[in-house]
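Have a look at final.cif; it's mmCIF, N, CA and C atoms and all ligand atoms:
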data_model
#
loop_
_atom_site.label_atom_id
_atom_site.label_comp_id
_atom_site.auth_asym_id
_atom_site.auth_seq_id
_atom_site.Cartn_x
_atom_site.Cartn_y
_atom_site.Cartn_z
N MET G 9 -51.09 -13.67 9.86
CA MET G 9 -50.80 -14.98 9.28
C MET G 9 -50.53 -15.99 10.40
N ASN G 10 -51.14 -17.13 10.26
CA ASN G 10 -50.96 -18.15 11.28
C ASN G 10 -49.65 -18.91 11.07
N PRO G 11 -49.06 -19.32 12.15
CA PRO G 11 -47.85 -20.15 11.99
C PRO G 11 -48.22 -21.49 11.38
N PRO G 12 -47.27 -22.17 10.76
CA PRO G 12 -47.57 -23.50 10.19
C PRO G 12 -47.96 -24.45 11.32
N PRO G 13 -48.79 -25.42 11.02
CA PRO G 13 -49.17 -26.37 12.07
C PRO G 13 -47.93 -27.11 12.58
N ASP G 14 -47.97 -27.39 13.86
CA ASP G 14 -46.84 -28.10 14.46
C ASP G 14 -46.93 -29.58 14.08
N THR G 15 -46.05 -30.00 13.21
CA THR G 15 -46.08 -31.40 12.78
C THR G 15 -45.07 -32.25 13.54
N ALA G 16 -44.38 -31.60 14.49
CA ALA G 16 -43.40 -32.37 15.27
C ALA G 16 -44.12 -33.43 16.09
N ARG G 17 -43.43 -34.55 16.30
CA ARG G 17 -43.97 -35.60 17.16
C ARG G 17 -42.95 -35.91 18.24
N TYR G 18 -43.48 -36.10 19.43
CA TYR G 18 -42.61 -36.32 20.57
C TYR G 18 -42.75 -37.73 21.13
N ASP G 19 -43.37 -38.60 20.34
CA ASP G 19 -43.59 -39.97 20.82
C ASP G 19 -42.79 -40.98 20.02
N LEU G 20 -41.91 -40.53 19.15
CA LEU G 20 -41.18 -41.47 18.30
C LEU G 20 -39.73 -41.59 18.75
N PRO G 21 -39.19 -42.79 18.70
CA PRO G 21 -37.81 -42.99 19.14
C PRO G 21 -36.81 -42.45 18.14
N GLU G 22 -35.67 -42.08 18.66
CA GLU G 22 -34.52 -41.79 17.81
C GLU G 22 -33.61 -43.00 17.92
N THR G 23 -33.68 -43.85 16.93
CA THR G 23 -32.92 -45.09 17.00
C THR G 23 -31.48 -44.84 16.56
N ASP G 24 -30.61 -45.68 17.08
CA ASP G 24 -29.23 -45.68 16.61
C ASP G 24 -28.79 -47.14 16.50
N GLU G 25 -27.54 -47.32 16.17
CA GLU G 25 -27.07 -48.69 15.92
C GLU G 25 -27.27 -49.57 17.15
N PHE G 26 -27.04 -49.00 18.33
CA PHE G 26 -27.17 -49.79 19.55
C PHE G 26 -28.62 -50.16 19.86
N THR G 27 -29.55 -49.22 19.71
CA THR G 27 -30.93 -49.49 20.11
C THR G 27 -31.77 -50.11 18.98
N ARG G 28 -31.21 -50.22 17.80
CA ARG G 28 -32.00 -50.76 16.68
C ARG G 28 -32.56 -52.15 16.96
N PRO G 29 -31.82 -53.08 17.58
CA PRO G 29 -32.43 -54.40 17.87
C PRO G 29 -33.68 -54.29 18.74
N TYR G 30 -33.65 -53.35 19.70
CA TYR G 30 -34.81 -53.16 20.57
C TYR G 30 -36.03 -52.75 19.75
N TRP G 31 -35.86 -51.78 18.87
CA TRP G 31 -36.99 -51.27 18.11
C TRP G 31 -37.42 -52.25 17.03
N ASP G 32 -36.47 -52.98 16.47
CA ASP G 32 -36.83 -54.02 15.48
C ASP G 32 -37.70 -55.09 16.15
N ALA G 33 -37.32 -55.49 17.36
CA ALA G 33 -38.10 -56.50 18.08
C ALA G 33 -39.47 -55.96 18.45
N ALA G 34 -39.52 -54.70 18.89
CA ALA G 34 -40.81 -54.11 19.25
C ALA G 34 -41.75 -54.12 18.06
N ALA G 35 -41.22 -53.85 16.88
CA ALA G 35 -42.05 -53.86 15.68
C ALA G 35 -42.62 -55.25 15.40
N GLU G 36 -41.94 -56.28 15.95
CA GLU G 36 -42.41 -57.67 15.81
C GLU G 36 -43.21 -58.10 17.03
N GLY G 37 -43.47 -57.19 17.96
CA GLY G 37 -44.26 -57.54 19.13
C GLY G 37 -43.49 -58.21 20.24
N ARG G 38 -42.19 -57.96 20.32
CA ARG G 38 -41.37 -58.53 21.39
C ARG G 38 -40.68 -57.41 22.15
N LEU G 39 -40.71 -57.54 23.49
CA LEU G 39 -40.02 -56.59 24.37
C LEU G 39 -38.65 -57.17 24.71
N LEU G 40 -37.62 -56.40 24.43
CA LEU G 40 -36.27 -56.87 24.73
C LEU G 40 -35.74 -56.20 25.99
N LEU G 41 -34.96 -56.98 26.72
CA LEU G 41 -34.20 -56.50 27.87
C LEU G 41 -32.73 -56.74 27.59
N ARG G 42 -31.90 -56.17 28.44
CA ARG G 42 -30.47 -56.45 28.40
C ARG G 42 -30.13 -57.23 29.67
N ARG G 43 -29.36 -58.31 29.53
CA ARG G 43 -28.97 -59.09 30.70
C ARG G 43 -27.45 -59.26 30.73
N CYS G 44 -26.93 -59.17 31.96
CA CYS G 44 -25.49 -59.24 32.17
C CYS G 44 -25.08 -60.68 32.47
N ALA G 45 -24.09 -61.18 31.76
CA ALA G 45 -23.61 -62.54 31.99
C ALA G 45 -22.76 -62.64 33.25
N ASP G 46 -22.25 -61.52 33.75
CA ASP G 46 -21.40 -61.57 34.94
C ASP G 46 -22.22 -61.60 36.22
N CYS G 47 -23.16 -60.68 36.39
CA CYS G 47 -23.93 -60.64 37.64
C CYS G 47 -25.33 -61.24 37.47
N GLY G 48 -25.73 -61.50 36.23
CA GLY G 48 -27.00 -62.18 35.99
C GLY G 48 -28.23 -61.28 35.99
N ARG G 49 -28.04 -59.99 36.24
CA ARG G 49 -29.20 -59.11 36.35
C ARG G 49 -29.59 -58.52 35.00
N ALA G 50 -30.90 -58.32 34.87
CA ALA G 50 -31.45 -57.68 33.66
C ALA G 50 -31.65 -56.21 33.95
N HIS G 51 -31.56 -55.40 32.91
CA HIS G 51 -31.84 -53.97 33.09
C HIS G 51 -32.64 -53.42 31.91
N HIS G 52 -33.26 -52.28 32.18
CA HIS G 52 -33.99 -51.52 31.20
C HIS G 52 -34.07 -50.10 31.72
N TYR G 53 -33.87 -49.06 30.92
CA TYR G 53 -33.68 -49.01 29.50
C TYR G 53 -32.35 -49.63 29.06
N PRO G 54 -32.24 -49.94 27.81
CA PRO G 54 -31.03 -50.64 27.36
C PRO G 54 -29.77 -49.78 27.47
N ARG G 55 -28.75 -50.38 28.07
CA ARG G 55 -27.45 -49.74 28.11
C ARG G 55 -26.39 -50.72 27.62
N GLU G 56 -25.31 -50.20 27.08
CA GLU G 56 -24.28 -51.08 26.55
C GLU G 56 -23.56 -51.80 27.67
N PHE G 57 -23.34 -51.11 28.79
CA PHE G 57 -22.65 -51.69 29.93
C PHE G 57 -23.68 -52.05 31.01
N CYS G 58 -23.34 -53.03 31.86
CA CYS G 58 -24.23 -53.39 32.96
C CYS G 58 -24.24 -52.26 33.99
N PRO G 59 -25.42 -51.73 34.34
CA PRO G 59 -25.46 -50.62 35.29
C PRO G 59 -25.28 -51.08 36.74
N PHE G 60 -25.21 -52.40 36.97
CA PHE G 60 -25.06 -52.91 38.34
C PHE G 60 -23.61 -53.25 38.66
N CYS G 61 -22.93 -53.91 37.73
CA CYS G 61 -21.54 -54.33 38.03
C CYS G 61 -20.55 -53.77 37.02
N TRP G 62 -21.05 -53.01 36.06
CA TRP G 62 -20.21 -52.32 35.09
C TRP G 62 -19.48 -53.27 34.15
N ALA G 63 -20.00 -54.49 34.03
CA ALA G 63 -19.43 -55.40 33.03
C ALA G 63 -19.58 -54.75 31.65
N GLY G 64 -18.63 -55.05 30.80
CA GLY G 64 -18.58 -54.40 29.50
C GLY G 64 -19.58 -54.96 28.51
N GLU G 65 -19.66 -54.31 27.39
CA GLU G 65 -20.68 -54.63 26.39
C GLU G 65 -20.56 -56.05 25.85
N ASP G 66 -19.38 -56.65 25.96
CA ASP G 66 -19.24 -58.03 25.49
C ASP G 66 -19.86 -59.02 26.47
N ARG G 67 -20.28 -58.55 27.66
CA ARG G 67 -20.88 -59.42 28.68
C ARG G 67 -22.38 -59.19 28.82
N VAL G 68 -22.91 -58.25 28.08
CA VAL G 68 -24.33 -57.89 28.22
C VAL G 68 -25.03 -58.13 26.89
N THR G 69 -26.12 -58.92 26.93
CA THR G 69 -26.78 -59.32 25.68
C THR G 69 -28.28 -59.05 25.76
N TRP G 70 -28.90 -59.04 24.60
CA TRP G 70 -30.35 -58.87 24.50
C TRP G 70 -31.05 -60.19 24.82
N GLU G 71 -32.20 -60.10 25.46
CA GLU G 71 -33.07 -61.26 25.61
C GLU G 71 -34.52 -60.79 25.53
N THR G 72 -35.40 -61.70 25.13
CA THR G 72 -36.82 -61.37 25.03
C THR G 72 -37.46 -61.49 26.40
N ALA G 73 -38.12 -60.44 26.83
CA ALA G 73 -38.80 -60.44 28.13
C ALA G 73 -40.08 -61.26 28.04
N SER G 74 -40.55 -61.70 29.21
CA SER G 74 -41.81 -62.45 29.26
C SER G 74 -43.00 -61.56 28.90
N GLY G 75 -42.85 -60.27 29.12
CA GLY G 75 -43.96 -59.35 28.89
C GLY G 75 -44.87 -59.22 30.09
N ARG G 76 -44.56 -59.95 31.17
CA ARG G 76 -45.36 -59.85 32.39
C ARG G 76 -44.80 -58.76 33.29
N ALA G 77 -45.71 -58.05 33.95
CA ALA G 77 -45.29 -56.96 34.83
C ALA G 77 -46.38 -56.72 35.87
N THR G 78 -46.01 -55.95 36.90
CA THR G 78 -47.00 -55.48 37.86
C THR G 78 -46.89 -53.96 37.92
N LEU G 79 -48.01 -53.35 38.27
CA LEU G 79 -48.07 -51.89 38.28
C LEU G 79 -47.43 -51.35 39.56
N TYR G 80 -46.41 -50.53 39.41
CA TYR G 80 -45.72 -49.93 40.55
C TYR G 80 -46.37 -48.60 40.92
N THR G 81 -46.56 -47.73 39.94
CA THR G 81 -47.26 -46.47 40.19
C THR G 81 -47.72 -45.89 38.86
N TRP G 82 -48.58 -44.88 38.92
CA TRP G 82 -49.08 -44.28 37.69
C TRP G 82 -49.56 -42.87 37.98
N SER G 83 -49.80 -42.14 36.91
CA SER G 83 -50.41 -40.82 36.99
C SER G 83 -51.29 -40.65 35.77
N VAL G 84 -52.54 -40.29 35.98
CA VAL G 84 -53.45 -40.09 34.86
C VAL G 84 -53.22 -38.67 34.32
N ILE G 85 -52.83 -38.60 33.06
CA ILE G 85 -52.49 -37.34 32.42
C ILE G 85 -53.73 -36.78 31.74
N HIS G 86 -54.10 -35.55 32.11
CA HIS G 86 -55.28 -34.91 31.54
C HIS G 86 -54.93 -33.82 30.54
N ARG G 87 -53.68 -33.38 30.57
CA ARG G 87 -53.27 -32.37 29.60
C ARG G 87 -51.81 -32.59 29.25
N ASN G 88 -51.54 -32.57 27.93
CA ASN G 88 -50.16 -32.66 27.45
C ASN G 88 -50.11 -31.92 26.13
N ASP G 89 -49.36 -30.85 26.08
CA ASP G 89 -49.32 -30.01 24.88
C ASP G 89 -48.35 -30.52 23.82
N LEU G 90 -47.59 -31.57 24.14
CA LEU G 90 -46.65 -32.09 23.15
C LEU G 90 -47.38 -33.04 22.21
N PRO G 91 -47.37 -32.77 20.89
CA PRO G 91 -48.02 -33.68 19.95
C PRO G 91 -47.31 -35.04 19.94
N PRO G 92 -48.03 -36.12 19.82
CA PRO G 92 -49.48 -36.22 19.67
C PRO G 92 -50.21 -36.52 20.99
N PHE G 93 -49.54 -36.32 22.11
CA PHE G 93 -50.11 -36.79 23.38
C PHE G 93 -51.44 -36.11 23.72
N GLY G 94 -51.60 -34.87 23.25
CA GLY G 94 -52.84 -34.16 23.54
C GLY G 94 -54.07 -34.86 22.99
N THR G 95 -53.87 -35.68 21.93
CA THR G 95 -55.00 -36.39 21.34
C THR G 95 -55.36 -37.64 22.14
N ARG G 96 -54.53 -37.99 23.11
CA ARG G 96 -54.72 -39.26 23.84
C ARG G 96 -55.27 -39.08 25.24
N VAL G 97 -55.33 -37.84 25.72
CA VAL G 97 -55.75 -37.64 27.10
C VAL G 97 -57.21 -38.05 27.30
N PRO G 98 -57.59 -38.52 28.47
CA PRO G 98 -56.67 -38.86 29.55
C PRO G 98 -55.99 -40.21 29.29
N TYR G 99 -54.74 -40.33 29.73
CA TYR G 99 -54.05 -41.61 29.62
C TYR G 99 -53.23 -41.83 30.90
N ALA G 100 -52.85 -43.08 31.11
CA ALA G 100 -52.19 -43.46 32.35
C ALA G 100 -50.71 -43.67 32.10
N ALA G 101 -49.91 -42.64 32.39
CA ALA G 101 -48.45 -42.80 32.40
C ALA G 101 -48.12 -43.65 33.62
N ALA G 102 -47.26 -44.62 33.43
CA ALA G 102 -47.06 -45.58 34.51
C ALA G 102 -45.61 -46.03 34.61
N VAL G 103 -45.29 -46.54 35.79
CA VAL G 103 -44.03 -47.24 36.01
C VAL G 103 -44.42 -48.66 36.41
N VAL G 104 -43.85 -49.64 35.71
CA VAL G 104 -44.19 -51.04 35.99
C VAL G 104 -42.92 -51.80 36.37
N ASP G 105 -43.11 -52.84 37.17
CA ASP G 105 -42.03 -53.75 37.52
C ASP G 105 -42.13 -54.97 36.61
N LEU G 106 -41.16 -55.11 35.74
CA LEU G 106 -41.15 -56.28 34.86
C LEU G 106 -40.85 -57.53 35.66
N ALA G 107 -41.38 -58.66 35.22
CA ALA G 107 -41.16 -59.92 35.92
C ALA G 107 -39.68 -60.24 36.07
N GLU G 108 -38.88 -59.78 35.12
CA GLU G 108 -37.43 -60.04 35.15
C GLU G 108 -36.69 -59.10 36.09
N GLY G 109 -37.40 -58.12 36.67
CA GLY G 109 -36.76 -57.25 37.65
C GLY G 109 -36.72 -55.78 37.31
N PRO G 110 -36.39 -55.41 36.08
CA PRO G 110 -36.29 -53.98 35.80
C PRO G 110 -37.61 -53.24 35.96
N ARG G 111 -37.49 -51.97 36.33
CA ARG G 111 -38.62 -51.07 36.42
C ARG G 111 -38.63 -50.25 35.13
N MET G 112 -39.83 -50.07 34.55
CA MET G 112 -39.92 -49.48 33.22
C MET G 112 -40.98 -48.40 33.18
N MET G 113 -40.65 -47.28 32.58
CA MET G 113 -41.66 -46.24 32.33
C MET G 113 -42.45 -46.61 31.09
N THR G 114 -43.78 -46.48 31.15
CA THR G 114 -44.62 -46.91 30.05
C THR G 114 -45.99 -46.27 30.20
N GLU G 115 -46.96 -46.90 29.61
CA GLU G 115 -48.34 -46.44 29.71
C GLU G 115 -49.23 -47.66 29.90
N VAL G 116 -50.27 -47.52 30.69
CA VAL G 116 -51.25 -48.60 30.82
C VAL G 116 -52.45 -48.26 29.94
N VAL G 117 -52.82 -49.21 29.10
CA VAL G 117 -53.93 -49.02 28.16
C VAL G 117 -55.02 -50.04 28.46
N ASP G 118 -56.17 -49.86 27.84
CA ASP G 118 -57.29 -50.79 27.97
C ASP G 118 -57.71 -50.97 29.42
N CYS G 119 -57.65 -49.90 30.19
CA CYS G 119 -58.04 -49.97 31.60
C CYS G 119 -58.57 -48.61 32.03
N GLU G 120 -59.75 -48.59 32.63
CA GLU G 120 -60.27 -47.34 33.16
C GLU G 120 -59.37 -46.87 34.30
N PRO G 121 -59.08 -45.57 34.36
CA PRO G 121 -58.21 -45.07 35.43
C PRO G 121 -58.67 -45.49 36.82
N ALA G 122 -59.98 -45.53 37.05
CA ALA G 122 -60.49 -45.90 38.38
C ALA G 122 -60.21 -47.36 38.72
N ASP G 123 -59.88 -48.16 37.70
CA ASP G 123 -59.63 -49.58 37.93
C ASP G 123 -58.15 -49.89 38.15
N LEU G 124 -57.30 -48.89 38.03
CA LEU G 124 -55.86 -49.11 38.23
C LEU G 124 -55.59 -49.38 39.70
N ARG G 125 -54.72 -50.36 39.98
CA ARG G 125 -54.37 -50.72 41.34
C ARG G 125 -52.88 -51.02 41.41
N ILE G 126 -52.25 -50.55 42.47
CA ILE G 126 -50.85 -50.91 42.68
C ILE G 126 -50.75 -52.43 42.77
N GLY G 127 -49.79 -52.98 42.06
CA GLY G 127 -49.55 -54.42 42.10
C GLY G 127 -50.39 -55.21 41.13
N MET G 128 -51.29 -54.57 40.41
CA MET G 128 -52.11 -55.34 39.46
C MET G 128 -51.23 -55.94 38.37
N ARG G 129 -51.66 -57.11 37.92
CA ARG G 129 -50.87 -57.83 36.92
C ARG G 129 -51.15 -57.25 35.54
N LEU G 130 -50.07 -57.06 34.79
CA LEU G 130 -50.14 -56.47 33.46
C LEU G 130 -49.40 -57.35 32.46
N GLU G 131 -49.71 -57.13 31.20
CA GLU G 131 -48.96 -57.80 30.14
C GLU G 131 -48.66 -56.80 29.04
N VAL G 132 -47.55 -57.00 28.39
CA VAL G 132 -47.11 -56.05 27.37
C VAL G 132 -47.99 -56.17 26.12
N THR G 133 -48.19 -55.04 25.49
CA THR G 133 -48.80 -54.99 24.18
C THR G 133 -48.09 -53.84 23.46
N PHE G 134 -48.36 -53.67 22.20
CA PHE G 134 -47.59 -52.68 21.46
C PHE G 134 -48.51 -51.73 20.72
N ARG G 135 -48.17 -50.45 20.79
CA ARG G 135 -48.88 -49.43 20.05
C ARG G 135 -48.08 -49.11 18.79
N GLU G 136 -48.75 -49.15 17.65
CA GLU G 136 -48.09 -48.75 16.42
C GLU G 136 -48.07 -47.22 16.38
N ALA G 137 -46.89 -46.66 16.63
CA ALA G 137 -46.76 -45.21 16.73
C ALA G 137 -46.59 -44.56 15.37
N ALA G 138 -46.02 -45.31 14.46
CA ALA G 138 -45.82 -44.85 13.08
C ALA G 138 -45.57 -46.10 12.26
N ASP G 139 -45.48 -45.94 10.96
CA ASP G 139 -45.26 -47.09 10.10
C ASP G 139 -43.98 -47.81 10.50
N GLY G 140 -44.10 -49.03 10.98
CA GLY G 140 -42.92 -49.81 11.36
C GLY G 140 -42.33 -49.47 12.70
N VAL G 141 -42.99 -48.60 13.45
CA VAL G 141 -42.50 -48.20 14.78
C VAL G 141 -43.54 -48.58 15.81
N ALA G 142 -43.17 -49.45 16.73
CA ALA G 142 -44.09 -49.89 17.78
C ALA G 142 -43.49 -49.58 19.14
N VAL G 143 -44.35 -49.17 20.06
CA VAL G 143 -43.93 -48.78 21.40
C VAL G 143 -44.59 -49.71 22.41
N ALA G 144 -43.80 -50.22 23.33
CA ALA G 144 -44.32 -51.14 24.34
C ALA G 144 -45.18 -50.37 25.35
N VAL G 145 -46.41 -50.84 25.53
CA VAL G 145 -47.31 -50.35 26.56
C VAL G 145 -47.87 -51.59 27.27
N PHE G 146 -48.63 -51.38 28.34
CA PHE G 146 -49.11 -52.53 29.10
C PHE G 146 -50.62 -52.46 29.29
N ARG G 147 -51.23 -53.62 29.41
CA ARG G 147 -52.68 -53.71 29.65
C ARG G 147 -52.89 -54.73 30.76
N PRO G 148 -54.06 -54.72 31.37
CA PRO G 148 -54.33 -55.73 32.41
C PRO G 148 -54.12 -57.14 31.84
N ALA G 149 -53.49 -58.00 32.65
CA ALA G 149 -53.18 -59.35 32.20
C ALA G 149 -54.45 -60.13 31.93
N ARG G 150 -54.46 -60.84 30.83
CA ARG G 150 -55.61 -61.65 30.46
C ARG G 150 -55.37 -63.13 30.72
N THR G 151 -54.14 -63.48 31.03
CA THR G 151 -53.79 -64.87 31.28
C THR G 151 -53.35 -65.04 32.72
N ALA G 152 -53.53 -66.22 33.22
CA ALA G 152 -53.18 -66.49 34.61
C ALA G 152 -51.68 -66.50 34.82
ZN ZN N 201 -23.67 -57.07 35.71
#

Before we go any further, please render this structure as structure tokens.
Ligand SMILES: [Zn+2]
Amino acid sequence: MNPPPDTARYDLPETDEFTRPYWDAAAEGRLLLRRCADCGRAHHYPREFCPFCWAGEDRVTWETASGRATLYTWSVIHRNDLPPFGTRVPYAAAVVDLAEGPRMMTEVVDCEPADLRIGMRLEVTFREAADGVAVAVFRPARTA
């Protein structure tokens, strides 16, 4: 007897009260960052406290990012056994530098792997991962 098909998915967020604004905005096509009112720096992934000066949650707020980034590094993935990633190979797992400063783990889409270049300009776009769930990914910038 065969085991039941693996219906688990490893690409969906586990949202909680703190991260819900981030995912709600993503579903609307907006990338949110957290910015500290004390030191002025933005960070990502979202944390309640500022990771630079440790200002408390009352000093750190959400803001909409420009969506502009440059490619810091990447790796083209040819095999991934975790569903649903195996259906997407090859894909470009990437780290990008957001225009606001934070470095973000993501994926570059709409670009042939051979065309990827360190420092290339990117812009955010969103993949609908499930009904009402969108994940920020990046593509080559189309605007100046
Ligand atoms: Zn700070």

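Nearest to ligand ZN 201 (chain N) of all the residues G:Arg49, G:Arg76, G:Arg150, G:Arg135 is G:Arg49, based on all atoms listed in the file.
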
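The interatomic distance for the pair CA of Gly48 (chain G) and atom N of Val68 (chain G) works out to 9.7 Å.
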
Residues of chain G that have any atom at most 8 Å from an atom of ligand ZN 201 (chain N): could you tabulate them with the shortest-distance atom pair and the distance in Å to one decimal, using only N, CA and C atoms and all ligand atoms, ordered by chain and increasing number, as a tab-separated table?
residue	atom	partner	partner_atom	distance
G:Arg43	C	N:ZN201	ZN	6.6
G:Cys44	CA	N:ZN201	ZN	4.5
G:Ala45	N	N:ZN201	ZN	5.7
G:Asp46	C	N:ZN201	ZN	4.8
G:Cys47	N	N:ZN201	ZN	3.7
G:Gly48	N	N:ZN201	ZN	4.9
G:Arg49	N	N:ZN201	ZN	5.3
G:Ala50	N	N:ZN201	ZN	7.4
G:Phe57	C	N:ZN201	ZN	6.9
G:Cys58	CA	N:ZN201	ZN	4.6
G:Pro59	N	N:ZN201	ZN	5.8
G:Phe60	C	N:ZN201	ZN	4.8
G:Cys61	N	N:ZN201	ZN	3.8
G:Trp62	N	N:ZN201	ZN	4.8
G:Ala63	N	N:ZN201	ZN	4.8
G:Gly64	N	N:ZN201	ZN	7.3
G:Arg67	C	N:ZN201	ZN	7.3
G:Val68	CA	N:ZN201	ZN	7.6

Looking only at strand (DSSP E) from DSSP on the backbone, list the matching residues of chain G as a PyMOL selection string.
chain G and resi 40-44+50-51+68-72+76-85+99-106+111-116+129-138+141-148

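You will find atom N of Leu39 (chain G) at 8.7 Å from atom N of Phe134 (chain G).
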
Would you mind reading off the distance between CA of Val97 (chain G) and CA of His52 (chain G), one decimal, in Å?
26.1 Å

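Every residue of region 13-115 of chain G found in alpha helix (DSSP H) when DSSP is run on the backbone appears here: Arg28, Pro29, Tyr30, Trp31, Asp32, Ala33, Ala34 and Ala35 of chain G.
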
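Between Ala102 (chain G) and the residues G:Gly140, G:Cys119, G:Glu36, G:Phe146, the shortest atom-to-atom distance, using only C-alpha atoms, involves G:Phe146.
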
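Distances here use all atoms listed in the file; by that measure, the residue among G:Glu56, G:Val103, G:Val145, G:Arg96 closest to Ser83 (chain G) is G:Val103.
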
Please determine, counting only N, CA and C atoms, which residue among G:Trp31, G:Thr81, G:Ser74, G:Glu120 has the shortest atom-to-atom distance to Val132 (chain G).
G:Ser74

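Residues lying within 10 Å of Leu41 (chain G), counting only C-alpha atoms and ignoring same-chain neighbours fewer than 2 positions away, are Tyr30, Arg38, Leu39, Arg43, Ala50, His51, His52, Tyr53, Pro54, Arg55, Val68, Thr69, Trp70, Glu71, Thr72, Ala73, Ser74, Leu106, Glu108 and Pro110 of chain G.
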
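Considering the residues G:Ala107, G:Ala77, G:Val143, G:Met113 and counting all atoms listed in the file, Met128 (chain G) has its shortest atom-to-atom contact with G:Ala77.
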
Around the point (-46.1, -53.4, 37.7) in the file's coordinates, collect all residues with an atom within 5 Å, using all atoms listed in the file, and return them as number ranges by chain.
G: 77-80, 104-105

Selection export as a tab-separated table (two decimals), in the frame of the given file, atoms kept: N, CA and C atoms:
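Writing done, so here's part.tsv:
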chain	number	residue	atom	x	y	z
G	77	ALA	N	-45.71	-58.05	33.95
G	77	ALA	CA	-45.29	-56.96	34.83
G	77	ALA	C	-46.38	-56.72	35.87
G	78	THR	N	-46.01	-55.95	36.90
G	78	THR	CA	-47.00	-55.48	37.86
G	78	THR	C	-46.89	-53.96	37.92
G	79	LEU	N	-48.01	-53.35	38.27
G	79	LEU	CA	-48.07	-51.89	38.28
G	79	LEU	C	-47.43	-51.35	39.56
G	80	TYR	N	-46.41	-50.53	39.41
G	80	TYR	CA	-45.72	-49.93	40.55
G	80	TYR	C	-46.37	-48.60	40.92
G	104	VAL	N	-43.85	-49.64	35.71
G	104	VAL	CA	-44.19	-51.04	35.99
G	104	VAL	C	-42.92	-51.80	36.37
G	105	ASP	N	-43.11	-52.84	37.17
G	105	ASP	CA	-42.03	-53.75	37.52
G	105	ASP	C	-42.13	-54.97	36.61

Distance query 8 Å from (-49.4, -41.6, 31.6) using all atoms listed in the file, result as a PyMOL selection string
chain G and resi 82-86+98-103+114-116
